[in-house]
file final_16.cif (mmCIF, C-alpha atoms)
data_data
#
loop_
_atom_site.group_PDB
_atom_site.id
_atom_site.type_symbol
_atom_site.label_atom_id
_atom_site.label_comp_id
_atom_site.auth_asym_id
_atom_site.auth_seq_id
_atom_site.Cartn_x
_atom_site.Cartn_y
_atom_site.Cartn_z
ATOM 1 C CA MET A 1 -17.159 -15.633 -3.385
ATOM 2 C CA ALA A 2 -17.321 -15.251 -7.136
ATOM 3 C CA ALA A 3 -16.339 -18.125 -9.411
ATOM 4 C CA SER A 4 -13.498 -16.083 -10.835
ATOM 5 C CA PHE A 5 -11.873 -15.961 -7.399
ATOM 6 C CA PHE A 6 -11.875 -19.741 -7.099
ATOM 7 C CA ALA A 7 -10.435 -19.951 -10.599
ATOM 8 C CA ALA A 8 -7.619 -17.685 -9.470
ATOM 9 C CA LEU A 9 -6.733 -20.089 -6.697
ATOM 10 C CA VAL A 10 -6.598 -22.999 -9.151
ATOM 11 C CA SER A 11 -4.990 -21.480 -12.243
ATOM 12 C CA GLY A 12 -2.942 -18.775 -10.569
ATOM 13 C CA SER A 13 -4.310 -15.952 -12.729
ATOM 14 C CA VAL A 14 -7.608 -14.437 -13.810
ATOM 15 C CA ASN A 15 -8.219 -11.685 -16.344
ATOM 16 C CA VAL A 16 -10.178 -8.732 -14.967
ATOM 17 C CA ASN A 17 -11.602 -6.209 -17.409
ATOM 18 C CA ALA A 18 -11.875 -3.054 -15.361
ATOM 19 C CA GLN A 19 -13.324 0.143 -16.757
ATOM 20 C CA LYS A 20 -15.028 1.294 -13.565
ATOM 21 C CA ASN A 21 -14.051 2.083 -9.998
ATOM 22 C CA PRO A 22 -13.605 -0.040 -8.003
ATOM 23 C CA PHE A 23 -11.761 -2.038 -10.658
ATOM 24 C CA ILE A 24 -11.250 -5.235 -8.651
ATOM 25 C CA THR A 25 -14.672 -6.732 -7.989
ATOM 26 C CA GLN A 26 -14.246 -10.507 -7.633
ATOM 27 C CA MET A 27 -12.919 -10.135 -4.074
ATOM 28 C CA TYR A 28 -12.430 -7.385 -1.516
ATOM 29 C CA THR A 29 -9.032 -5.681 -1.640
ATOM 30 C CA ALA A 30 -7.460 -2.694 0.100
ATOM 31 C CA ASP A 31 -4.199 -0.817 0.690
ATOM 32 C CA PRO A 32 -2.912 -0.914 -2.912
ATOM 33 C CA SER A 33 0.865 -0.664 -3.320
ATOM 34 C CA ALA A 34 1.583 0.073 -6.997
ATOM 35 C CA HIS A 35 4.915 -0.443 -8.781
ATOM 36 C CA VAL A 36 6.161 -0.600 -12.366
ATOM 37 C CA TRP A 37 8.708 -3.382 -12.862
ATOM 38 C CA GLN A 38 11.259 -4.289 -15.500
ATOM 39 C CA ASP A 39 8.770 -6.187 -17.666
ATOM 40 C CA GLY A 40 6.878 -2.949 -18.350
ATOM 41 C CA ARG A 41 3.770 -3.933 -16.415
ATOM 42 C CA LEU A 42 2.228 -2.099 -13.479
ATOM 43 C CA TYR A 43 1.727 -4.333 -10.438
ATOM 44 C CA ILE A 44 -0.488 -3.858 -7.381
ATOM 45 C CA TYR A 45 0.171 -5.606 -4.096
ATOM 46 C CA ALA A 46 -3.075 -5.514 -2.111
ATOM 47 C CA SER A 47 -4.345 -6.645 1.246
ATOM 48 C CA HIS A 48 -7.534 -8.730 1.389
ATOM 49 C CA ASP A 49 -10.674 -8.129 3.456
ATOM 50 C CA ILE A 50 -12.344 -11.481 4.153
ATOM 51 C CA ALA A 51 -16.129 -11.809 3.998
ATOM 52 C CA PRO A 52 -18.278 -11.994 6.049
ATOM 53 C CA PRO A 53 -16.613 -9.077 7.788
ATOM 54 C CA ARG A 54 -15.676 -9.004 11.427
ATOM 55 C CA GLY A 55 -13.055 -6.296 11.409
ATOM 56 C CA CYS A 56 -9.466 -5.630 10.461
ATOM 57 C CA ASP A 57 -8.301 -8.763 12.311
ATOM 58 C CA LEU A 58 -9.608 -11.044 9.544
ATOM 59 C CA MET A 59 -7.373 -9.559 6.839
ATOM 60 C CA ASP A 60 -5.260 -12.266 5.171
ATOM 61 C CA GLN A 61 -4.188 -13.838 1.851
ATOM 62 C CA TYR A 62 -2.354 -11.224 -0.206
ATOM 63 C CA HIS A 63 -3.024 -11.062 -3.962
ATOM 64 C CA VAL A 64 -1.104 -9.441 -6.810
ATOM 65 C CA TYR A 65 -2.663 -7.762 -9.850
ATOM 66 C CA SER A 66 -0.982 -6.392 -12.974
ATOM 67 C CA THR A 67 -1.822 -4.532 -16.171
ATOM 68 C CA ASP A 68 -0.169 -3.139 -19.287
ATOM 69 C CA ASP A 69 -3.008 -0.809 -20.311
ATOM 70 C CA MET A 70 -4.780 0.277 -17.066
ATOM 71 C CA VAL A 71 -7.959 -1.457 -18.286
ATOM 72 C CA ASN A 72 -7.251 -5.180 -18.444
ATOM 73 C CA TRP A 73 -5.907 -6.539 -15.179
ATOM 74 C CA VAL A 74 -4.568 -9.982 -14.349
ATOM 75 C CA ASP A 75 -5.167 -11.453 -10.900
ATOM 76 C CA HIS A 76 -2.030 -13.508 -10.386
ATOM 77 C CA GLY A 77 -3.561 -15.175 -7.358
ATOM 78 C CA GLU A 78 -2.525 -15.450 -3.753
ATOM 79 C CA ILE A 79 1.148 -15.016 -2.867
ATOM 80 C CA LEU A 80 1.160 -15.287 0.935
ATOM 81 C CA ARG A 81 -1.056 -16.010 3.934
ATOM 82 C CA ALA A 82 -0.594 -15.882 7.709
ATOM 83 C CA SER A 83 -0.277 -19.658 8.092
ATOM 84 C CA GLN A 84 2.994 -19.500 6.097
ATOM 85 C CA VAL A 85 4.583 -17.124 8.622
ATOM 86 C CA LYS A 86 6.281 -19.432 11.150
ATOM 87 C CA TRP A 87 7.081 -16.638 13.597
ATOM 88 C CA GLY A 88 3.607 -15.127 13.306
ATOM 89 C CA ARG A 89 0.541 -14.869 15.498
ATOM 90 C CA PRO A 90 -0.843 -18.398 16.132
ATOM 91 C CA GLU A 91 -4.408 -17.238 15.483
ATOM 92 C CA GLY A 92 -3.491 -15.873 12.032
ATOM 93 C CA GLY A 93 -5.156 -12.891 10.378
ATOM 94 C CA PHE A 94 -3.816 -9.356 10.753
ATOM 95 C CA MET A 95 -2.054 -9.324 7.388
ATOM 96 C CA TRP A 96 -2.308 -5.577 6.870
ATOM 97 C CA ALA A 97 -1.046 -3.143 4.214
ATOM 98 C CA PRO A 98 2.041 -4.487 2.353
ATOM 99 C CA ASP A 99 4.669 -3.137 -0.035
ATOM 100 C CA CYS A 100 7.148 -4.584 -2.512
ATOM 101 C CA ALA A 101 10.587 -3.569 -3.788
ATOM 102 C CA TYR A 102 13.025 -4.874 -6.412
ATOM 103 C CA LYS A 103 16.792 -4.994 -6.191
ATOM 104 C CA ASN A 104 19.502 -7.092 -7.874
ATOM 105 C CA GLY A 105 17.115 -9.554 -9.468
ATOM 106 C CA ILE A 106 15.055 -10.200 -6.327
ATOM 107 C CA TYR A 107 11.569 -8.996 -5.378
ATOM 108 C CA TYR A 108 11.169 -8.207 -1.684
ATOM 109 C CA PHE A 109 7.647 -8.328 -0.269
ATOM 110 C CA TYR A 110 7.195 -6.467 3.031
ATOM 111 C CA PHE A 111 4.195 -7.141 5.234
ATOM 112 C CA PRO A 112 3.156 -6.294 8.814
ATOM 113 C CA HIS A 113 2.093 -9.173 11.027
ATOM 114 C CA PRO A 114 2.008 -9.661 14.820
ATOM 115 C CA SER A 115 4.147 -12.329 16.423
ATOM 116 C CA GLY A 116 1.867 -12.832 19.416
ATOM 117 C CA THR A 117 -1.753 -13.024 20.554
ATOM 118 C CA GLU A 118 -1.384 -9.506 21.980
ATOM 119 C CA TRP A 119 -1.281 -8.246 18.437
ATOM 120 C CA ASN A 120 -1.010 -4.488 18.879
ATOM 121 C CA SER A 121 2.257 -4.688 20.829
ATOM 122 C CA THR A 122 3.910 -7.454 18.782
ATOM 123 C CA TRP A 123 3.927 -6.149 15.207
ATOM 124 C CA LYS A 124 6.850 -7.256 13.051
ATOM 125 C CA ILE A 125 7.652 -6.269 9.468
ATOM 126 C CA GLY A 126 8.066 -9.553 7.648
ATOM 127 C CA VAL A 127 10.031 -10.018 4.434
ATOM 128 C CA ALA A 128 9.338 -12.592 1.736
ATOM 129 C CA THR A 129 11.436 -12.908 -1.421
ATOM 130 C CA SER A 130 11.059 -14.233 -4.937
ATOM 131 C CA LYS A 131 12.729 -14.074 -8.333
ATOM 132 C CA HIS A 132 9.280 -13.313 -9.755
ATOM 133 C CA PRO A 133 7.017 -10.316 -9.119
ATOM 134 C CA ALA A 134 3.819 -12.285 -8.525
ATOM 135 C CA LYS A 135 4.605 -15.847 -7.422
ATOM 136 C CA ASP A 136 6.936 -18.120 -5.444
ATOM 137 C CA PHE A 137 7.421 -15.805 -2.463
ATOM 138 C CA GLU A 138 9.033 -17.401 0.584
ATOM 139 C CA VAL A 139 9.183 -15.788 4.026
ATOM 140 C CA GLN A 140 12.776 -15.067 5.042
ATOM 141 C CA GLY A 141 12.120 -13.542 8.453
ATOM 142 C CA TYR A 142 11.462 -10.027 9.669
ATOM 143 C CA ILE A 143 13.384 -6.769 10.045
ATOM 144 C CA ALA A 144 14.978 -6.907 13.481
ATOM 145 C CA GLY A 145 15.147 -4.036 15.944
ATOM 146 C CA LEU A 146 11.997 -2.171 14.920
ATOM 147 C CA GLU A 147 9.213 -0.861 17.116
ATOM 148 C CA SER A 148 5.741 -2.393 16.985
ATOM 149 C CA MET A 149 4.338 -0.414 14.045
ATOM 150 C CA ILE A 150 2.704 -1.104 10.680
ATOM 151 C CA ASP A 151 2.445 0.006 7.030
ATOM 152 C CA PRO A 152 5.895 -0.725 5.587
ATOM 153 C CA CYS A 153 7.007 1.347 2.610
ATOM 154 C CA VAL A 154 10.256 0.856 0.698
ATOM 155 C CA PHE A 155 11.540 3.466 -1.732
ATOM 156 C CA VAL A 156 14.538 2.690 -3.944
ATOM 157 C CA ASP A 157 16.245 5.880 -5.117
ATOM 158 C CA ASP A 158 17.879 6.469 -8.498
ATOM 159 C CA ASP A 159 21.293 5.521 -7.101
ATOM 160 C CA GLY A 160 20.020 2.151 -5.882
ATOM 161 C CA GLN A 161 19.890 3.061 -2.196
ATOM 162 C CA ALA A 162 16.760 1.682 -0.556
ATOM 163 C CA TYR A 163 14.911 3.468 2.232
ATOM 164 C CA PHE A 164 12.449 1.919 4.672
ATOM 165 C CA TYR A 165 9.496 3.728 6.273
ATOM 166 C CA TYR A 166 6.750 2.608 8.633
ATOM 167 C CA GLY A 167 4.430 4.083 11.225
ATOM 168 C CA GLY A 168 1.034 4.192 12.825
ATOM 169 C CA GLY A 169 -0.677 5.891 15.727
ATOM 170 C CA GLY A 170 0.601 9.304 14.689
ATOM 171 C CA LYS A 171 4.241 8.223 14.422
ATOM 172 C CA CYS A 172 6.277 7.930 11.213
ATOM 173 C CA GLN A 173 9.897 6.791 10.975
ATOM 174 C CA GLY A 174 12.362 6.247 8.140
ATOM 175 C CA GLY A 175 15.865 4.938 7.611
ATOM 176 C CA LYS A 176 18.281 3.368 5.157
ATOM 177 C CA LEU A 177 18.199 -0.323 4.277
ATOM 178 C CA LYS A 178 21.344 -2.371 3.902
ATOM 179 C CA ASP A 179 22.037 -4.026 0.544
ATOM 180 C CA ASN A 180 20.414 -7.243 1.769
ATOM 181 C CA MET A 181 17.103 -5.301 1.988
ATOM 182 C CA MET A 182 16.331 -6.953 5.336
ATOM 183 C CA GLU A 183 18.346 -4.897 7.808
ATOM 184 C CA ILE A 184 18.293 -1.238 8.783
ATOM 185 C CA ASP A 185 21.572 0.573 8.087
ATOM 186 C CA GLY A 186 22.084 2.757 11.144
ATOM 187 C CA ALA A 187 19.134 4.034 13.139
ATOM 188 C CA MET A 188 15.552 4.807 12.215
ATOM 189 C CA LYS A 189 14.584 8.442 12.756
ATOM 190 C CA PRO A 190 11.308 10.371 12.986
ATOM 191 C CA MET A 191 10.063 11.995 9.795
ATOM 192 C CA GLU A 192 9.862 15.653 10.772
ATOM 193 C CA GLY A 193 7.464 18.217 9.294
ATOM 194 C CA LEU A 194 4.398 16.015 8.714
ATOM 195 C CA GLU A 195 1.067 17.478 9.776
ATOM 196 C CA ASP A 196 -1.598 15.256 11.399
ATOM 197 C CA PHE A 197 0.099 11.981 10.385
ATOM 198 C CA HIS A 198 -1.910 8.816 11.062
ATOM 199 C CA GLU A 199 -0.555 5.953 8.911
ATOM 200 C CA ALA A 200 -0.117 4.707 5.308
ATOM 201 C CA THR A 201 3.306 6.141 4.440
ATOM 202 C CA TRP A 202 4.176 6.211 0.739
ATOM 203 C CA VAL A 203 7.244 7.808 -0.856
ATOM 204 C CA HIS A 204 7.725 8.679 -4.527
ATOM 205 C CA LYS A 205 9.897 11.072 -6.521
ATOM 206 C CA TYR A 206 8.833 13.682 -9.088
ATOM 207 C CA LYS A 207 11.258 15.960 -10.930
ATOM 208 C CA GLY A 208 13.977 15.414 -8.351
ATOM 209 C CA VAL A 209 11.742 16.145 -5.356
ATOM 210 C CA TYR A 210 10.755 13.521 -2.774
ATOM 211 C CA TYR A 211 7.085 13.237 -1.811
ATOM 212 C CA LEU A 212 5.863 11.529 1.367
ATOM 213 C CA SER A 213 2.120 10.908 1.336
ATOM 214 C CA TYR A 214 -0.024 9.494 4.138
ATOM 215 C CA SER A 215 -3.479 9.305 5.687
ATOM 216 C CA ASP A 216 -4.491 11.727 8.424
ATOM 217 C CA ASN A 217 -6.704 11.565 11.538
ATOM 218 C CA HIS A 218 -9.712 13.324 10.033
ATOM 219 C CA ASP A 219 -12.987 11.989 11.469
ATOM 220 C CA GLU A 220 -16.440 13.300 10.691
ATOM 221 C CA ASN A 221 -19.763 12.212 9.258
ATOM 222 C CA ASN A 222 -19.626 13.543 5.704
ATOM 223 C CA SER A 223 -22.466 11.593 4.144
ATOM 224 C CA LYS A 224 -26.203 12.182 4.038
ATOM 225 C CA ASP A 225 -26.886 8.468 4.597
ATOM 226 C CA GLY A 226 -24.720 8.333 7.709
ATOM 227 C CA VAL A 227 -21.683 6.602 6.243
ATOM 228 C CA LYS A 228 -18.581 7.865 7.992
ATOM 229 C CA GLY A 229 -15.774 9.146 5.806
ATOM 230 C CA ASP A 230 -12.536 9.549 7.694
ATOM 231 C CA ASN A 231 -8.992 9.600 6.401
ATOM 232 C CA ARG A 232 -7.924 12.299 4.017
ATOM 233 C CA MET A 233 -4.675 11.780 2.112
ATOM 234 C CA ARG A 234 -1.994 14.409 2.752
ATOM 235 C CA TYR A 235 1.559 14.898 1.538
ATOM 236 C CA ALA A 236 4.836 16.677 2.199
ATOM 237 C CA THR A 237 7.967 17.261 0.108
ATOM 238 C CA SER A 238 11.707 17.286 0.685
ATOM 239 C CA ASN A 239 15.060 17.467 -1.087
ATOM 240 C CA SER A 240 16.123 14.377 0.877
ATOM 241 C CA PRO A 241 14.438 10.952 1.128
ATOM 242 C CA LEU A 242 14.609 11.185 4.936
ATOM 243 C CA GLY A 243 13.473 14.785 5.268
ATOM 244 C CA PRO A 244 12.983 17.122 6.947
ATOM 245 C CA TRP A 245 9.656 17.445 5.165
ATOM 246 C CA LYS A 246 7.665 20.498 4.162
ATOM 247 C CA TYR A 247 3.933 19.951 4.566
ATOM 248 C CA GLN A 248 2.032 20.724 1.351
ATOM 249 C CA GLY A 249 -1.622 19.864 1.928
ATOM 250 C CA ILE A 250 -4.406 17.407 1.149
ATOM 251 C CA TYR A 251 -4.424 15.558 -2.163
ATOM 252 C CA MET A 252 -7.512 13.365 -1.591
ATOM 253 C CA GLU A 253 -10.681 13.957 0.402
ATOM 254 C CA PRO A 254 -12.301 11.060 2.336
ATOM 255 C CA THR A 255 -13.867 8.185 0.446
ATOM 256 C CA ASP A 256 -16.981 6.382 1.719
ATOM 257 C CA SER A 257 -14.773 4.123 3.846
ATOM 258 C CA TYR A 258 -13.605 4.536 7.430
ATOM 259 C CA THR A 259 -9.989 4.272 6.208
ATOM 260 C CA ASN A 260 -7.889 5.172 3.208
ATOM 261 C CA HIS A 261 -4.456 3.999 2.151
ATOM 262 C CA GLY A 262 -2.872 4.878 -1.165
ATOM 263 C CA SER A 263 0.079 4.842 -3.499
ATOM 264 C CA ILE A 264 1.199 7.215 -6.240
ATOM 265 C CA VAL A 265 2.970 5.973 -9.377
ATOM 266 C CA GLU A 266 3.840 7.009 -12.924
ATOM 267 C CA TYR A 267 2.966 4.656 -15.759
ATOM 268 C CA LYS A 268 3.526 5.333 -19.450
ATOM 269 C CA GLY A 269 3.887 9.060 -18.899
ATOM 270 C CA LYS A 270 0.796 9.488 -16.722
ATOM 271 C CA TRP A 271 0.538 9.690 -12.942
ATOM 272 C CA TYR A 272 -2.022 7.677 -10.962
ATOM 273 C CA SER A 273 -3.393 7.652 -7.434
ATOM 274 C CA PHE A 274 -4.404 4.236 -6.083
ATOM 275 C CA TYR A 275 -6.675 4.033 -3.039
ATOM 276 C CA HIS A 276 -9.641 2.083 -1.687
ATOM 277 C CA ASN A 277 -13.278 2.702 -0.842
ATOM 278 C CA SER A 278 -16.301 0.710 0.367
ATOM 279 C CA SER A 279 -18.699 1.426 -2.481
ATOM 280 C CA LEU A 280 -19.254 -2.247 -3.408
ATOM 281 C CA SER A 281 -20.074 -3.412 0.106
ATOM 282 C CA ASN A 282 -21.132 -0.317 2.061
ATOM 283 C CA HIS A 283 -19.090 -1.829 4.885
ATOM 284 C CA ASP A 284 -15.940 -0.298 6.374
ATOM 285 C CA TRP A 285 -14.085 -3.625 6.505
ATOM 286 C CA LEU A 286 -15.000 -4.873 3.040
ATOM 287 C CA ARG A 287 -13.035 -2.466 0.867
ATOM 288 C CA SER A 288 -12.210 -2.301 -2.828
ATOM 289 C CA VAL A 289 -9.242 -0.902 -4.746
ATOM 290 C CA CYS A 290 -9.694 2.119 -7.044
ATOM 291 C CA VAL A 291 -7.466 4.264 -9.248
ATOM 292 C CA ASP A 292 -7.749 7.783 -10.655
ATOM 293 C CA ARG A 293 -5.447 10.159 -12.502
ATOM 294 C CA LEU A 294 -3.173 12.399 -10.447
ATOM 295 C CA TYR A 295 -1.999 15.799 -11.691
ATOM 296 C CA TYR A 296 0.717 18.204 -10.567
ATOM 297 C CA ASN A 297 0.583 21.978 -10.658
ATOM 298 C CA ASN A 298 3.435 23.883 -12.306
ATOM 299 C CA ASP A 299 5.031 24.482 -8.918
ATOM 300 C CA GLY A 300 5.108 20.753 -8.141
ATOM 301 C CA THR A 301 2.180 20.703 -5.743
ATOM 302 C CA ILE A 302 -0.455 18.023 -6.278
ATOM 303 C CA LYS A 303 -3.975 18.851 -7.381
ATOM 304 C CA VAL A 304 -6.770 17.269 -5.330
ATOM 305 C CA VAL A 305 -7.563 13.905 -6.920
ATOM 306 C CA LYS A 306 -11.038 13.645 -8.366
ATOM 307 C CA GLN A 307 -12.602 10.361 -7.269
ATOM 308 C CA THR A 308 -14.524 8.842 -10.163
ATOM 309 C CA THR A 309 -16.544 5.747 -10.975
ATOM 310 C CA LYS A 310 -14.837 5.319 -14.375
#
call {"tool": "encode", "arguments": {"input": "final_16.cif", "output": "structure tokens"}}
result
Amino acid sequence: MAASFFAALVSGSVNVNAQKNPFITQMYTADPSAHVWQDGRLYIYASHDIAPPRGCDLMDQYHVYSTDDMVNWVDHGEILRASQVKWGRPEGGFMWAPDCAYKNGIYYFYFPHPSGTEWNSTWKIGVATSKHPAKDFEVQGYIAGLESMIDPCVFVDDDGQAYFYYGGGGKCQGGKLKDNMMEIDGAMKPMEGLEDFHEATWVHKYKGVYYLSYSDNHDENNSKDGVKGDNRMRYATSNSPLGPWKYQGIYMEPTDSYTNHGSIVEYKGKWYSFYHNSSLSNHDWLRSVCVDRLYYNNDGTIKVVKQTTK
């Protein structure tokens, strides 16, 4: 790995000057969850593809990045790895797409991780907390009573009510969180109205309307050199954070990677789409985080995001 990555492990932060896509190049990162916190910075919580690649099972060691100008990024270093999860899979790995939320002075980091060797049937959504957005996270446990699914997403509405979403395998569910941010308030319910849902739930709000975006099941060879480009990013809208949802269309075509997983966020008056591709490695399981501008039409629909190298 690059020297800057080792420096991050020692010092806790590394400056990354990023004017190209992908903008994180000192290590492989995927599944970017972007949030703007009270200090005015934009933070990304990313999963980590470990080299040499073997597959999605090797993913581990979450990192946090932040910026105040969308050009200069700080790698705050690692915040959590599988070996710190006492209830987790003994073999480690399988630290897939995370999310983070803030409430009442505490940052809540949500991550999927299996609790057993039979990983696909033992997924839990773990919760780690900290008083800081990018350090000192400690695992508190996991959200009890959930099915074995992945890709946690937490949306905190304007009134302070937090909502939890997760899914996978064509199934998406949502529900309210209790004030402790670690328990479901009531029952989870299916998110109705989504078309061709696969995974990667993300919820944001624009002009009073709720948007649920996700990756679909699209699968075709769309490259002259034989690289498979699969997931498109789709979205639906609703007047309620738990739907029912009205399907609106595709907002991002496939990248050069087998997967895609994104987040949508506003920062300093501009909207951005975060996602990942495999352009640095040309390998499906060595992915890299990218960002491009996102634009809305006058009717609130989202224009297809133009993937760029700058």
call {"tool": "resolve_selection", "arguments": {"input": "final_16.cif", "expression": "the PyMOL selection byres ((chain A and resi 129) around 7)", "output": "list in words"}}
result
Ile106, Tyr107, Tyr108, Phe109, Val127, Ala128, Ser130, Phe137, Glu138, Val139 and Gln140 of chain A
call {"tool": "residues_near_point", "arguments": {"input": "final_16.cif", "point": "(-19.5, 0.0, -0.8)", "cutoff": "12 Å", "atoms": "only C-alpha atoms", "output": "MDAnalysis selection string"}}
result
chainID A and resid 21:22 25 28:29 227:229 255:258 276:290
call {"tool": "residues_around", "arguments": {"input": "final_16.cif", "residues": "stretch 234-250 of chain A", "least_positions_apart": "3", "cutoff": "9 Å", "atoms": "all atoms listed in the file", "output": "VMD selection string"}}
result
chain A and resid 155 157 163 173 to 176 189 to 197 203 205 208 to 216 253 301 to 304
call {"tool": "closest_residue", "arguments": {"input": "final_16.cif", "among": "A:Lys20, A:Lys310, A:His35, A:Lys207", "to": "A:Val64", "atoms": "all atoms listed in the file"}}
result
A:His35
call {"tool": "resolve_selection", "arguments": {"input": "final_16.cif", "expression": "the PyMOL selection byres ((chain A and resi 152) around 8)", "output": "PDB file with C-alpha atoms, keeping the file's coordinate frame"}}
result
ATOM      1  CA  ALA A  97      -1.046  -3.143   4.214  1.00  0.00           C
ATOM      2  CA  PRO A  98       2.041  -4.487   2.353  1.00  0.00           C
ATOM      3  CA  ASP A  99       4.669  -3.137  -0.035  1.00  0.00           C
ATOM      4  CA  TYR A 110       7.195  -6.467   3.031  1.00  0.00           C
ATOM      5  CA  PHE A 111       4.195  -7.141   5.234  1.00  0.00           C
ATOM      6  CA  PRO A 112       3.156  -6.294   8.814  1.00  0.00           C
ATOM      7  CA  ILE A 125       7.652  -6.269   9.468  1.00  0.00           C
ATOM      8  CA  ILE A 150       2.704  -1.104  10.680  1.00  0.00           C
ATOM      9  CA  ASP A 151       2.445   0.006   7.030  1.00  0.00           C
ATOM     10  CA  CYS A 153       7.007   1.347   2.610  1.00  0.00           C
ATOM     11  CA  VAL A 154      10.256   0.856   0.698  1.00  0.00           C
ATOM     12  CA  PHE A 164      12.449   1.919   4.672  1.00  0.00           C
ATOM     13  CA  TYR A 165       9.496   3.728   6.273  1.00  0.00           C
ATOM     14  CA  TYR A 166       6.750   2.608   8.633  1.00  0.00           C
ATOM     15  CA  GLY A 167       4.430   4.083  11.225  1.00  0.00           C
ATOM     16  CA  THR A 201       3.306   6.141   4.440  1.00  0.00           C
TER      17      THR A 201
END
call {"tool": "closest_residue", "arguments": {"input": "final_16.cif", "among": "A:Asp49, A:Glu220, A:Glu183, A:Asp60", "to": "A:Gln84", "atoms": "all atoms listed in the file"}}
result
A:Asp60
call {"tool": "axis_aligned_box", "arguments": {"input": "final_16.cif", "around": "stretch 259-276 of chain A", "padding_each_side": "6 Å", "output": "lines of an AutoDock Vina configuration file"}}
result
center_x = -3.1
center_y = 5.9
center_z = -6.6
size_x = 25.9
size_y = 19.6
size_z = 37.7
call {"tool": "closest_residue", "arguments": {"input": "final_16.cif", "among": "A:Gln161, A:Asp57, A:Met233, A:Tyr65", "to": "A:Asn120", "atoms": "all atoms listed in the file"}}
result
A:Asp57
call {"tool": "closest_residue", "arguments": {"input": "final_16.cif", "among": "A:Gly262, A:Gly269, A:Gly40, A:Gly93", "to": "A:Thr67", "atoms": "all atoms listed in the file"}}
result
A:Gly40
call {"tool": "closest_residue", "arguments": {"input": "final_16.cif", "among": "A:Lys135, A:Lys124, A:Lys86, A:His198", "to": "A:Tyr62", "atoms": "all atoms listed in the file"}}
result
A:Lys135
call {"tool": "atom_distance", "arguments": {"input": "final_16.cif", "atom1": "atom CA of A:Val265", "atom2": "atom CA of A:Phe23"}}
result
16.8 Å
